[in-house]
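Heads up, entry_28.txt below (compact mmCIF, C-alpha atoms):
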# COMPACT_ATOMS: atom_id res chain seq x y z
CA MET A 5 36.22 112.77 97.38
CA GLY A 6 36.79 109.94 94.87
CA MET A 7 38.44 112.38 92.50
CA LEU A 8 40.78 113.55 95.27
CA LYS A 9 41.79 109.95 96.06
CA ALA A 10 42.43 109.28 92.38
CA LEU A 11 44.49 112.46 92.07
CA SER A 12 46.42 111.49 95.19
CA ALA A 13 47.22 108.09 93.66
CA VAL A 14 48.45 109.73 90.45
CA ILE A 15 50.72 112.07 92.39
CA THR A 16 52.08 109.72 95.04
CA GLY A 17 52.51 106.64 92.85
CA PRO A 18 55.30 107.93 90.60
CA LEU A 19 56.88 109.87 93.46
CA SER A 20 57.09 106.71 95.55
CA SER A 21 58.66 104.85 92.64
CA ALA A 22 61.18 107.62 92.05
CA GLY A 23 62.01 107.62 95.74
CA ALA A 24 62.73 103.91 95.56
CA GLU A 25 65.05 104.46 92.61
CA GLN A 26 66.94 107.12 94.53
CA THR A 27 67.75 104.73 97.39
CA TRP A 28 70.58 103.16 95.39
CA PRO A 29 73.13 102.47 96.68
CA GLN A 30 72.02 101.12 100.04
CA ARG A 31 75.38 99.54 100.91
CA THR A 32 78.96 99.21 99.68
CA VAL A 33 79.36 99.13 95.89
CA LYS A 34 81.93 96.75 94.43
CA PHE A 35 83.74 97.06 91.11
CA ILE A 36 84.82 93.60 89.85
CA LEU A 37 87.64 93.74 87.29
CA PRO A 38 88.89 91.00 84.93
CA LEU A 39 92.35 92.60 84.76
CA GLY A 40 95.10 93.12 87.31
CA LEU A 41 96.62 96.13 89.04
CA GLY A 42 98.00 98.77 86.72
CA SER A 43 95.78 97.96 83.74
CA GLY A 44 93.88 100.82 82.13
CA ALA A 45 90.57 99.56 83.53
CA ASP A 46 92.09 99.26 87.00
CA ILE A 47 93.34 102.86 86.94
CA ALA A 48 89.95 104.13 85.74
CA ALA A 49 88.04 102.05 88.30
CA ARG A 50 90.12 103.33 91.22
CA LEU A 51 89.88 106.96 90.13
CA LEU A 52 86.11 106.67 89.75
CA ALA A 53 85.74 104.80 93.04
CA GLU A 54 87.46 107.63 94.86
CA LYS A 55 85.43 110.31 93.09
CA LEU A 56 82.05 108.57 93.32
CA SER A 57 82.39 107.70 97.00
CA ALA A 58 81.14 111.21 97.79
CA ARG A 59 77.86 110.32 96.02
CA TRP A 60 77.62 106.58 96.62
CA GLY A 61 79.43 105.98 99.88
CA PRO A 62 82.04 103.18 100.17
CA ILE A 63 83.24 101.60 96.92
CA THR A 64 85.69 98.71 96.76
CA VAL A 65 87.69 97.51 93.75
CA GLU A 66 88.37 93.80 93.40
CA ASN A 67 90.78 92.55 90.74
CA ARG A 68 90.12 89.02 89.49
CA PRO A 69 92.48 88.62 86.53
CA GLY A 70 93.20 85.50 84.57
CA VAL A 71 91.43 82.54 82.99
CA ASP A 72 90.48 84.72 80.00
CA GLY A 73 88.17 86.86 82.13
CA PHE A 74 86.26 83.91 83.58
CA ALA A 75 87.32 84.46 87.20
CA ALA A 76 85.75 87.92 87.28
CA ALA A 77 82.73 86.91 85.19
CA ILE A 78 81.94 83.98 87.48
CA MET A 79 82.28 86.10 90.61
CA PHE A 80 79.94 88.70 89.12
CA THR A 81 77.24 86.28 88.00
CA GLU A 82 77.35 84.10 91.12
CA ARG A 83 76.85 87.09 93.37
CA HIS A 84 73.90 88.34 91.31
CA ASP A 85 74.08 91.55 93.34
CA ASP A 86 72.83 94.91 92.10
CA HIS A 87 75.62 96.56 94.09
CA ALA A 88 78.35 94.53 92.35
CA LEU A 89 79.36 95.98 88.97
CA PHE A 90 81.56 94.32 86.36
CA PHE A 91 84.08 96.99 85.30
CA GLY A 92 86.39 96.36 82.38
CA PRO A 93 86.99 96.09 78.65
CA ALA A 94 84.12 94.71 76.62
CA ALA A 95 86.76 92.56 74.94
CA ALA A 96 87.05 90.54 78.14
CA LEU A 97 83.65 89.02 77.31
CA THR A 98 82.82 89.45 73.62
CA ALA A 99 85.14 86.71 72.35
CA HIS A 100 84.00 83.96 74.73
CA PRO A 101 81.14 82.60 72.58
CA TYR A 102 83.60 82.14 69.69
CA ARG A 103 86.32 80.48 71.73
CA TYR A 104 84.36 78.12 73.99
CA ASN A 105 81.45 75.79 73.39
CA LYS A 106 80.42 75.94 77.03
CA LEU A 107 80.74 78.96 79.33
CA PRO A 108 80.87 78.80 83.13
CA TYR A 109 78.56 81.78 83.37
CA ASP A 110 75.34 82.98 81.77
CA GLU A 111 75.93 85.77 79.23
CA ARG A 112 72.39 86.98 79.84
CA GLU A 113 73.40 88.06 83.35
CA PHE A 114 75.39 91.01 81.95
CA SER A 115 73.49 94.21 81.24
CA PRO A 116 75.32 97.29 79.85
CA VAL A 117 75.17 100.15 82.36
CA ALA A 118 77.70 102.81 81.37
CA ARG A 119 80.38 103.45 78.79
CA VAL A 120 83.51 104.81 80.49
CA SER A 121 86.43 105.16 78.10
CA ALA A 122 88.33 103.93 75.08
CA THR A 123 91.72 102.49 75.97
CA VAL A 124 94.67 103.11 73.66
CA ILE A 125 95.89 99.62 72.74
CA THR A 126 99.45 99.26 71.51
CA ILE A 127 101.45 96.63 69.72
CA CYS A 128 104.96 96.59 71.12
CA VAL A 129 108.20 94.61 71.15
CA PRO A 130 111.34 94.51 73.29
CA THR A 131 113.72 97.28 72.27
CA SER A 132 116.44 94.63 72.28
CA LEU A 133 114.68 92.84 69.39
CA GLY A 134 115.87 95.63 67.07
CA VAL A 135 112.48 96.03 65.38
CA ASN A 136 111.16 99.55 64.74
CA SER A 137 107.93 98.99 62.81
CA LEU A 138 105.21 96.42 62.17
CA PRO A 139 106.56 95.67 58.68
CA GLU A 140 109.97 94.97 60.26
CA LEU A 141 108.36 92.61 62.79
CA VAL A 142 106.58 90.79 59.95
CA ALA A 143 109.83 90.50 58.02
CA MET A 144 111.64 89.06 61.05
CA ALA A 145 108.85 86.57 61.73
CA GLN A 146 108.88 85.49 58.07
CA ALA A 147 112.63 84.96 58.22
CA GLN A 148 112.41 82.99 61.48
CA PRO A 149 109.22 80.88 61.37
CA GLY A 150 108.27 79.48 64.75
CA LYS A 151 111.05 81.35 66.58
CA LEU A 152 109.10 84.40 67.81
CA ASN A 153 106.20 84.46 70.29
CA TRP A 154 103.31 86.74 71.18
CA ALA A 155 100.62 87.53 73.76
CA THR A 156 97.67 89.88 74.18
CA MET A 157 95.46 90.91 77.08
CA THR A 158 92.00 89.55 76.22
CA GLY A 159 90.35 86.76 74.29
CA ALA A 160 89.15 89.24 71.68
CA THR A 161 92.61 90.62 71.00
CA ASP A 162 93.93 87.04 70.87
CA LEU A 163 91.57 86.37 67.97
CA ILE A 164 92.53 89.58 66.20
CA PHE A 165 96.26 88.94 66.51
CA ALA A 166 95.75 85.37 65.32
CA ALA A 167 93.90 86.70 62.27
CA PHE A 168 96.79 89.09 61.62
CA LEU A 169 99.25 86.21 61.73
CA LYS A 170 97.13 84.13 59.37
CA SER A 171 96.66 86.98 56.88
CA ALA A 172 100.41 87.68 56.88
CA GLY A 173 101.35 83.99 56.73
CA LEU A 174 103.32 84.13 59.98
CA ASP A 175 104.22 81.33 62.38
CA MET A 176 104.55 82.72 65.92
CA ALA A 177 103.84 80.93 69.21
CA ARG A 178 101.15 82.24 71.53
CA ILE A 179 102.14 82.55 75.20
CA ALA A 180 99.28 82.39 77.72
CA TYR A 181 99.46 84.35 80.98
CA HIS A 182 97.27 83.94 84.06
CA ASP A 183 97.39 87.72 84.45
CA PRO A 184 98.23 89.22 81.04
CA VAL A 185 99.37 92.45 82.72
CA GLU A 186 102.38 90.52 84.03
CA ALA A 187 103.56 89.87 80.46
CA VAL A 188 105.01 93.37 80.32
CA HIS A 189 108.00 92.21 82.37
CA ASP A 190 108.79 89.50 79.84
CA VAL A 191 108.58 92.00 76.99
CA ALA A 192 110.97 94.37 78.75
CA GLU A 193 113.39 91.49 79.35
CA GLY A 194 113.16 90.26 75.76
CA ARG A 195 111.49 86.93 76.55
CA LEU A 196 108.19 87.92 74.91
CA HIS A 197 108.62 89.20 71.36
CA ALA A 198 105.26 90.83 70.53
CA TYR A 199 102.64 92.11 72.94
CA GLN A 200 99.28 93.72 72.26
CA ALA A 201 98.28 95.61 75.39
CA ALA A 202 96.91 98.84 76.81
CA LEU A 203 99.30 101.78 76.87
CA ALA A 204 98.69 102.03 80.62
CA VAL A 205 100.44 98.68 81.05
CA VAL A 206 103.48 99.31 78.85
CA ARG A 207 103.92 103.06 79.26
CA GLN A 208 106.63 103.07 81.95
CA PRO A 209 109.02 100.54 80.35
CA ALA A 210 108.41 102.24 76.99
CA GLN A 211 109.41 105.59 78.49
CA ALA A 212 112.46 103.91 80.00
CA GLY A 213 113.48 102.72 76.54
CA ARG A 214 113.02 99.00 77.23
CA ILE A 215 109.92 98.55 75.05
CA LYS A 216 109.33 99.86 71.54
CA LEU A 217 105.79 100.88 70.58
CA LEU A 218 105.20 99.92 66.96
CA ALA A 219 101.56 100.95 66.45
CA ILE A 220 98.18 101.50 68.10
CA THR A 221 95.02 99.64 67.15
CA ALA A 222 92.69 102.65 67.09
CA GLY A 223 91.36 104.12 63.87
CA GLU A 224 93.13 107.43 64.52
CA ARG A 225 96.43 108.41 66.11
CA ALA A 226 96.33 109.09 69.83
CA LEU A 227 97.10 112.60 71.06
CA ILE A 228 99.36 111.15 73.73
CA LEU A 229 101.36 109.20 71.07
CA PRO A 230 101.42 111.51 68.05
CA ASP A 231 104.45 109.79 66.51
CA VAL A 232 103.11 106.24 66.77
CA PRO A 233 101.18 105.16 63.67
CA THR A 234 97.91 103.30 63.63
CA VAL A 235 97.96 99.69 62.51
CA ALA A 236 96.17 100.75 59.33
CA GLU A 237 98.85 103.34 58.59
CA ALA A 238 101.46 100.62 59.17
CA GLY A 239 99.77 98.51 56.51
CA PHE A 240 97.82 96.06 58.68
CA PRO A 241 94.23 97.30 59.11
CA ILE A 242 93.14 93.82 60.22
CA LEU A 243 94.59 94.70 63.66
CA THR A 244 92.25 97.69 64.09
CA PHE A 245 90.33 97.34 67.32
CA ASP A 246 88.51 99.67 69.71
CA GLY A 247 89.49 99.39 73.38
CA LEU A 248 85.97 99.92 74.72
CA VAL A 249 85.74 99.99 78.53
CA GLY A 250 82.52 100.14 80.51
CA ILE A 251 80.40 98.93 83.38
CA TYR A 252 77.90 96.06 83.45
CA GLY A 253 75.21 95.36 86.01
CA ILE A 254 72.97 92.35 86.51
CA THR A 255 70.19 91.98 83.97
CA ASP A 256 67.34 92.66 86.38
CA MET A 257 68.86 95.91 87.65
CA SER A 258 66.20 98.57 87.13
CA THR A 259 66.43 101.00 84.23
CA GLY A 260 66.36 103.88 86.66
CA TRP A 261 69.37 102.61 88.57
CA ARG A 262 71.34 101.97 85.38
CA GLU A 263 70.60 105.46 84.07
CA ARG A 264 71.50 106.96 87.44
CA ILE A 265 74.87 105.13 87.51
CA ALA A 266 75.65 106.21 83.95
CA GLY A 267 74.74 109.79 84.82
CA ASP A 268 76.97 109.80 87.91
CA ILE A 269 79.84 108.32 85.88
CA LYS A 270 79.42 111.04 83.28
CA ILE A 271 79.56 113.75 85.95
CA ALA A 272 82.62 112.19 87.58
CA LEU A 273 84.42 112.09 84.24
CA THR A 274 84.19 115.88 83.93
CA ASP A 275 86.74 116.19 86.74
CA PRO A 276 89.86 117.70 85.09
CA GLY A 277 92.16 115.70 87.36
CA ILE A 278 90.57 112.39 86.38
CA VAL A 279 90.53 113.33 82.69
CA ALA A 280 94.23 114.25 82.81
CA ARG A 281 95.18 111.08 84.67
CA LEU A 282 93.29 108.85 82.24
CA ARG A 283 94.74 110.70 79.25
CA ASP A 284 98.27 110.30 80.61
CA THR A 285 97.73 106.53 80.89
CA GLY A 286 96.40 106.22 77.36
CA GLN A 287 92.65 106.37 77.90
CA VAL A 288 90.16 108.54 76.06
CA VAL A 289 87.32 109.65 78.31
CA LEU A 290 84.10 108.56 76.60
CA PRO A 291 81.18 108.44 79.04
CA GLY A 292 77.95 107.09 77.68
CA SER A 293 74.49 105.79 78.53
CA PRO A 294 73.47 102.13 78.81
CA ALA A 295 72.23 102.29 75.22
CA GLU A 296 75.47 103.82 73.93
CA PHE A 297 77.57 101.20 75.70
CA ALA A 298 75.34 98.43 74.33
CA ALA A 299 75.77 99.82 70.80
CA GLY A 300 79.56 99.80 71.21
CA ILE A 301 79.47 96.19 72.39
CA GLU A 302 77.41 95.14 69.37
CA LYS A 303 79.84 96.92 67.04
CA GLN A 304 82.72 95.03 68.64
CA ARG A 305 80.86 91.72 68.29
CA ALA A 306 80.30 92.43 64.60
CA SER A 307 84.02 93.08 64.12
CA LEU A 308 84.89 89.83 65.89
CA ALA A 309 82.39 87.92 63.75
CA MET A 310 84.34 88.96 60.66
CA ILE A 311 87.64 87.99 62.31
CA VAL A 312 86.26 84.59 63.27
CA LYS A 313 85.07 84.03 59.70
CA LEU A 314 88.57 84.83 58.42
CA LEU A 315 90.02 82.31 60.88
CA GLY A 316 87.55 79.69 59.67
CA MET A 317 86.14 79.22 63.16
CA LYS A 318 82.63 78.54 64.33
CA PRO A 319 81.26 79.54 67.75
CA GLY A 320 82.75 77.35 70.43
CA THR A 321 85.60 75.97 68.30
CA GLY A 322 88.46 78.23 69.34
CA GLN A 323 91.61 77.44 71.28
CA ALA A 324 89.73 75.72 74.10
CA ALA A 325 86.65 73.64 73.45
CA SER A 326 85.32 74.08 76.95
CA ALA A 327 85.82 76.84 79.45
CA SER A 328 86.05 74.24 82.20
CA SER A 329 89.52 73.29 80.99
CA GLU A 330 90.65 76.88 81.50
CA LEU A 331 89.50 76.81 85.10
CA LEU A 332 91.49 73.72 86.13
Rewrite the structure of this file - the entire thing - as structure tokens.
Amino acid sequence: MGMLKALSAVITGPLSSAGAEQTWPQRTVKFILPLGLGSGADIAARLLAEKLSARWGPITVENRPGVDGFAAAIMFTERHDDHALFFGPAAALTAHPYRYNKLPYDEREFSPVARVSATVITICVPTSLGVNSLPELVAMAQAQPGKLNWATMTGATDLIFAAFLKSAGLDMARIAYHDPVEAVHDVAEGRLHAYQAALAVVRQPAQAGRIKLLAITAGERALILPDVPTVAEAGFPILTFDGLVGIYGITDMSTGWRERIAGDIKIALTDPGIVARLRDTGQVVLPGSPAEFAAGIEKQRASLAMIVKLLGMKPGTGQAASASSELL
């Protein structure tokens, strides 16, 4: 009889635990994004929300752009909810420790859950500027110090572009946007002279001939832009950067739930319609496990560490000493 009870405990214990893992989600899932409507992450989040609703039930997408990603990060950490997932580029978070000496959120609250894609990041200019390559942009900036301006979409790409300017000896003014996606209008109108942003954001005005794509930051040319060189091919490898996009959960989310979410994401990203839509907006489908996403984040942090060293910065000594000033 004792043996039967022990055997019963062995059988029912793990099954009960597995059953508990399978209860996720128990209510509406929320994707919290640090970028605005029309960004690559926004497009991916909405496509996945629609596809995954058949498995998960209701999914909402909430865009909280601006303040260098802080608005979304604060919302995510303050909720501390295992049904709220931070969805966006890793670059929205990886640069913060280098740029601010005090963060309004706890970095330890973010746990990698799933790798989703790699966004094609472009460097572009207004067609009206009359520049057709990165070397031509550099030559113009050298000839007109302090006259041209620039913007990027995340804190990480801000650091990389700043390092590019320093290495090339260029004087260009940085323009800050509450929602960097909105900068595309200024590029198209010629008010913003250089913009580093996802292809998803600049694709339509580029197709309309109002924006000129000079290069992409990936290590290889993108299939969707076969005639656009990489920054390395253009002679400026310092601008090379991977547009890693993924999903974070709270740190104490169970391993089983994180693996289940990553598995469901991977299945959803086999849908030909989603793959085609993401490809057309400059995103490479790249689903991965929590461990694979974490590895990509660490690789990005290592790249930024080298950039920060080149800039002569130390953690917390970037453009804003305290994140609180960004929130005012």
Handout entry: Selection near stretch 201-216 of chain A, 8 Å with only C-alpha atoms, sequence-local residues under 6 positions removed, as a ChimeraX atom specification
Key = /A:42-44,123-132,135-136,156-157,185,188,191-193,285-287
Practice task
Pick out the residues sitting within 12 Å of A:Ala122, and hand them over as a ChimeraX atom specification; count only C-alpha atoms, and ignore anything fewer than 3 positions along from it in its own chain.
Solution key: /A:44-45,48,92-95,119,125,202-204,221-223,226,245-250,282-283,285-292,297,300
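Nearest to A:Pro29 of all the residues A:Arg59, A:Lys151, A:Arg50, A:Lys106 is A:Arg59, counting only C-alpha atoms.
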Draw an axis-aligned box tight on the listed atoms of stretch 179-197 of chain A, then pad every side by 3 Å and write out centre and edge lengths in Å to one decimal as lines of an AutoDock Vina configuration file.
center_x = 105.3
center_y = 88.4
center_z = 77.9
size_x = 22.1
size_y = 18.0
size_z = 19.1
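You can rank A:Pro149, A:Asp183, A:Phe168, A:Arg103 by their closest distance to A:Met317 using all atoms listed in the file, and at the top of that list sits A:Arg103.
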Fill in the blank from the handout: Correct to one decimal, the distance atom CA of A:Ala96-atom CA of A:Thr158 is 5.4 Å
Problem - A:Trp154 surroundings by all atoms listed in the file, 8 Å radius, close-in-sequence under 6 positions cut, as an MDAnalysis selection string - result: chainID A and resid 176:179 196:199
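Using only C-alpha atoms, the protein and nucleic acid residues lying no more than 8 Å from A:Phe90, apart from those fewer than 2 places from it along its own chain, are A:Phe35, A:Ile36, A:Leu37, A:Ala76, A:Ala77, A:Phe80, A:Ala88, A:Gly92, A:Ile251, A:Tyr252, A:Gly253.
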Practice task
Using only C-alpha atoms, pick whichever of A:Trp261, A:Val235, A:Ser293, A:Gly159 has the shortest atom-to-atom distance to A:Gln30.
Solution key: A:Trp261
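Counting all atoms listed in the file, the residue from A:Lys55, A:Tyr102, A:Ile47, A:Met310 that sits nearest to A:Ser121 is A:Ile47.
Taking atom CA of A:His84 and atom CA of A:Pro108 as endpoints, the distance between them is 14.4 Å.
Distances to A:Ala75 were evaluated for A:Ile228, A:Ile242, A:Gln146, A:Tyr109 using all atoms listed in the file, and the minimum falls at A:Tyr109.
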Exercise for the section: Can you work out the spacing between atom CA of A:Glu302 and atom CA of A:Phe114 in Å, to one decimal? Expected result: 13.4 Å
Problem - Distance criterion (all atoms listed in the file): nearest to A:Asp162 out of A:Leu229, A:Met144, A:Leu243, A:Leu314 - result: A:Leu243
Practice task
Could you give me, as a ChimeraX atom specification, the residues within 10 Å of A:Asp175, counting all atoms listed in the file and dropping anything in the same chain fewer than 4 positions from it?
Solution key: /A:145-146,148-153,166,169-170
Handout entry: Exercise: residues within 12 Å of coordinate (81.3, 103.9, 102.6), counting all atoms listed in the file, as number ranges by chain
Key = A: 29-34, 53-54, 56-64
